[in-house]
Amino acid sequence: MGASDSNCSPSSDNLIGTPSLSGWRPGPRGRGPYQAEVPNVAPDIPNFHPFAGQPPLFSLFRPSSLFFAAFPLFACAPVRLWRILNGDMEYRIAQRAASLSPSLTLSISARAKQMRGDGFDVVGFGAGEPDFDTPEPIKEACIRAIQQGFTKYTPSSGIPELRQAISDKFKRDNGIDYATSQIIVTNGGKHACSNAILATCEPGDEVLIPAPYWLSYPEMVKLAGATPKVLPTNDESGFKITPEQLTAAITPKSRLFILNSPSNPTGTVYSAEEIKAIGDICVRHGILIMSDEIYEKLIYDDVFHTSVAGLSQAHYDHTITVHGLAKAYSMTGWRIGYLAAPQPIAQAVGAMQSHSTSNPVSFAQKGAVMALTGPQTHLTEWLAEFDRRRLYAWNRLQSMPGITCNKPQGAFYLFPNIRNSGLTSRPFCERLLEEKQVAAVPGIAFGADEFVRISYATDMESLEKGLDRLESFLQSLLPNRS
Ligand SMILES: Cc1ncc(COP(=O)(O)O)c(C=O)c1O
């Protein structure tokens, strides 16, 4: 699809720059230099109204009078007032929004917050963000940018300096060549995902999503009017889909496959061979891949991250890589993400973004340049600490009654199987919170109801306390098990 096929024309990249003058002419009534000339399309018909030329009272009843224009308001006002007073105002919500599922994680964290407010000592295992502070050099670069007045609109697809830093990152870390025009800086990694899906999927398309999945993928697909097709996996297969499973799920409607390695919520990391096998199938069937690599740097043991776009020209041509700075630089609140894609897709995303959110925050982009080009030493420390917690928590879970848990190799989550507790994930998490004041995320939110997600992005003391409480909760559920 070429950019010219897009229905969405890019607005001026720099929104404060001179607007394009093509199609514009000086206004007919001299109201400004850029006023559009509106052709006179009103038909030239005589005024047939019977009250024409009558005294002013009659003209009240002319069809064009204010009285007639306002009549529906007068007529409907009592009904409206009655509804408002009864609190039964009806709002018509567009189908695309009405079909979305509200976030389960948000309701659990709202309850946890309320309990904390009521004085309970709640241990939070729900965090989707590192508990470390954003490194100083990044913060300083941002503060400098503000002090130097870098506080205005930027090109909507991101400042050239940052797009270059991202292009260099792909070359350095993944061996992939992306021109800066193939890179769009977005308002967080989530925005990069939704942009990629919106630009490529539409009603009638199916999007293949392995479960457990990051909870926003299916909702983004629904927002685009396309259909999520979930491919279930379980702990026995290491939460990985097999080439056979993927092949069997493909239909003529398959448009996009979502790959997330390292994975949220399971911490699973696909090997290079596994990624190649899946990528080959997508290439063979002409299916695009959205590869979400936001946890790329958070990886343990001796596994490696593989970018599917780097495997061959054909894989590159079929892949949109989405990424962000939230996890590896603890910049969740900064809202800086990015995507890299074949030129026509990048161009379409750039056009959409120019008409929706416009540029990501100007000074946050300067911080992002520092994150990608500055010192990376914080990562060594963070990884060592995450790894220590990962192994501690995983070992503890192994010895708890009614629980089995795969050893995750990436991200900062554990995804234990709670099937033997006799509870499904939602009542499990609700009771864990009410009875032991530990907040975890029910696996049902990720399409896996026999699991719960435990984030170890929290300090060691809280981790120990929360795991002690989880163990005592399981013992209360399964008193005859050691
Ligand atoms: C797999 C995955 N992709 C994308 C995102 C979006 O990250 P953000 O929008 O905070 O940059 C997240 C955040 O939790 C995630 O877990």
# chains A, B, ... in the order shown; residues from 1 in each chain; ligands from 1
call {"tool": "residues_near_ligand", "arguments": {"ligand": "ligand 1", "cutoff": "9 Å", "atoms": "only C-alpha atoms and all ligand atoms", "output": "number ranges by chain"}}
result
A: 128-129, 186-193, 213-217, 260-265, 292-295, 322-327, 331-338, 411
call {"tool": "select_by_dssp", "arguments": {"residues": "segment 102-148 of chain A", "states": "alpha helix (DSSP H)", "output": "list in words"}}
result
Leu104, Thr105, Leu106, Ser107, Ile108, Ser109, Ala110, Arg111, Ala112, Lys113, Gln114, Met115, Arg116, Gly117, Glu136, Pro137, Ile138, Lys139, Glu140, Ala141, Cys142, Ile143, Arg144, Ala145, Ile146 and Gln147 of chain A
call {"tool": "residues_around", "arguments": {"residues": "Asp459 of chain A", "least_positions_apart": "4", "cutoff": "10 Å", "atoms": "only C-alpha atoms", "output": "list of chain:residue names"}}
result
A:Asp131, A:Phe132, A:Glu385, A:Phe386, A:Arg389, A:Leu463, A:Glu464
call {"tool": "write_last_selection", "arguments": {"atoms": "N, CA and C atoms", "output": "CSV table (one decimal), in the first residue's frame"}}
result
chain,number,residue,atom,x,y,z
A,131,ASP,N,10.6,-0.4,39.5
A,131,ASP,CA,10.6,0.5,40.7
A,131,ASP,C,11.8,1.4,40.8
A,132,PHE,N,12.6,1.4,39.8
A,132,PHE,CA,13.8,2.3,39.8
A,132,PHE,C,13.4,3.7,39.3
A,385,GLU,N,19.7,-6.8,39.9
A,385,GLU,CA,18.7,-6.8,40.9
A,385,GLU,C,17.4,-7.5,40.5
A,386,PHE,N,17.0,-7.3,39.3
A,386,PHE,CA,15.8,-8.0,38.8
A,386,PHE,C,16.0,-9.5,38.8
A,389,ARG,N,15.8,-11.0,42.3
A,389,ARG,CA,14.4,-11.1,42.7
A,389,ARG,C,13.7,-12.2,42.0
A,463,LEU,N,8.7,-8.1,48.4
A,463,LEU,CA,8.6,-9.3,47.7
A,463,LEU,C,8.5,-10.5,48.7
A,464,GLU,N,9.4,-10.4,49.7
A,464,GLU,CA,9.4,-11.5,50.7
A,464,GLU,C,8.1,-11.5,51.5
call {"tool": "residues_around", "arguments": {"residues": "segment 365-376 of chain A", "least_positions_apart": "3", "cutoff": "8 Å", "atoms": "only C-alpha atoms", "output": "PyMOL selection string"}}
result
chain A and resi 137-142+145+158-159+161-162+165-166+169+325+329+336+360-362+379-380
call {"tool": "closest_residue", "arguments": {"among": "A:Ala364, A:Ala249, A:Leu477, A:Val438", "to": "Lys465 of chain A", "atoms": "only C-alpha atoms"}}
result
A:Val438
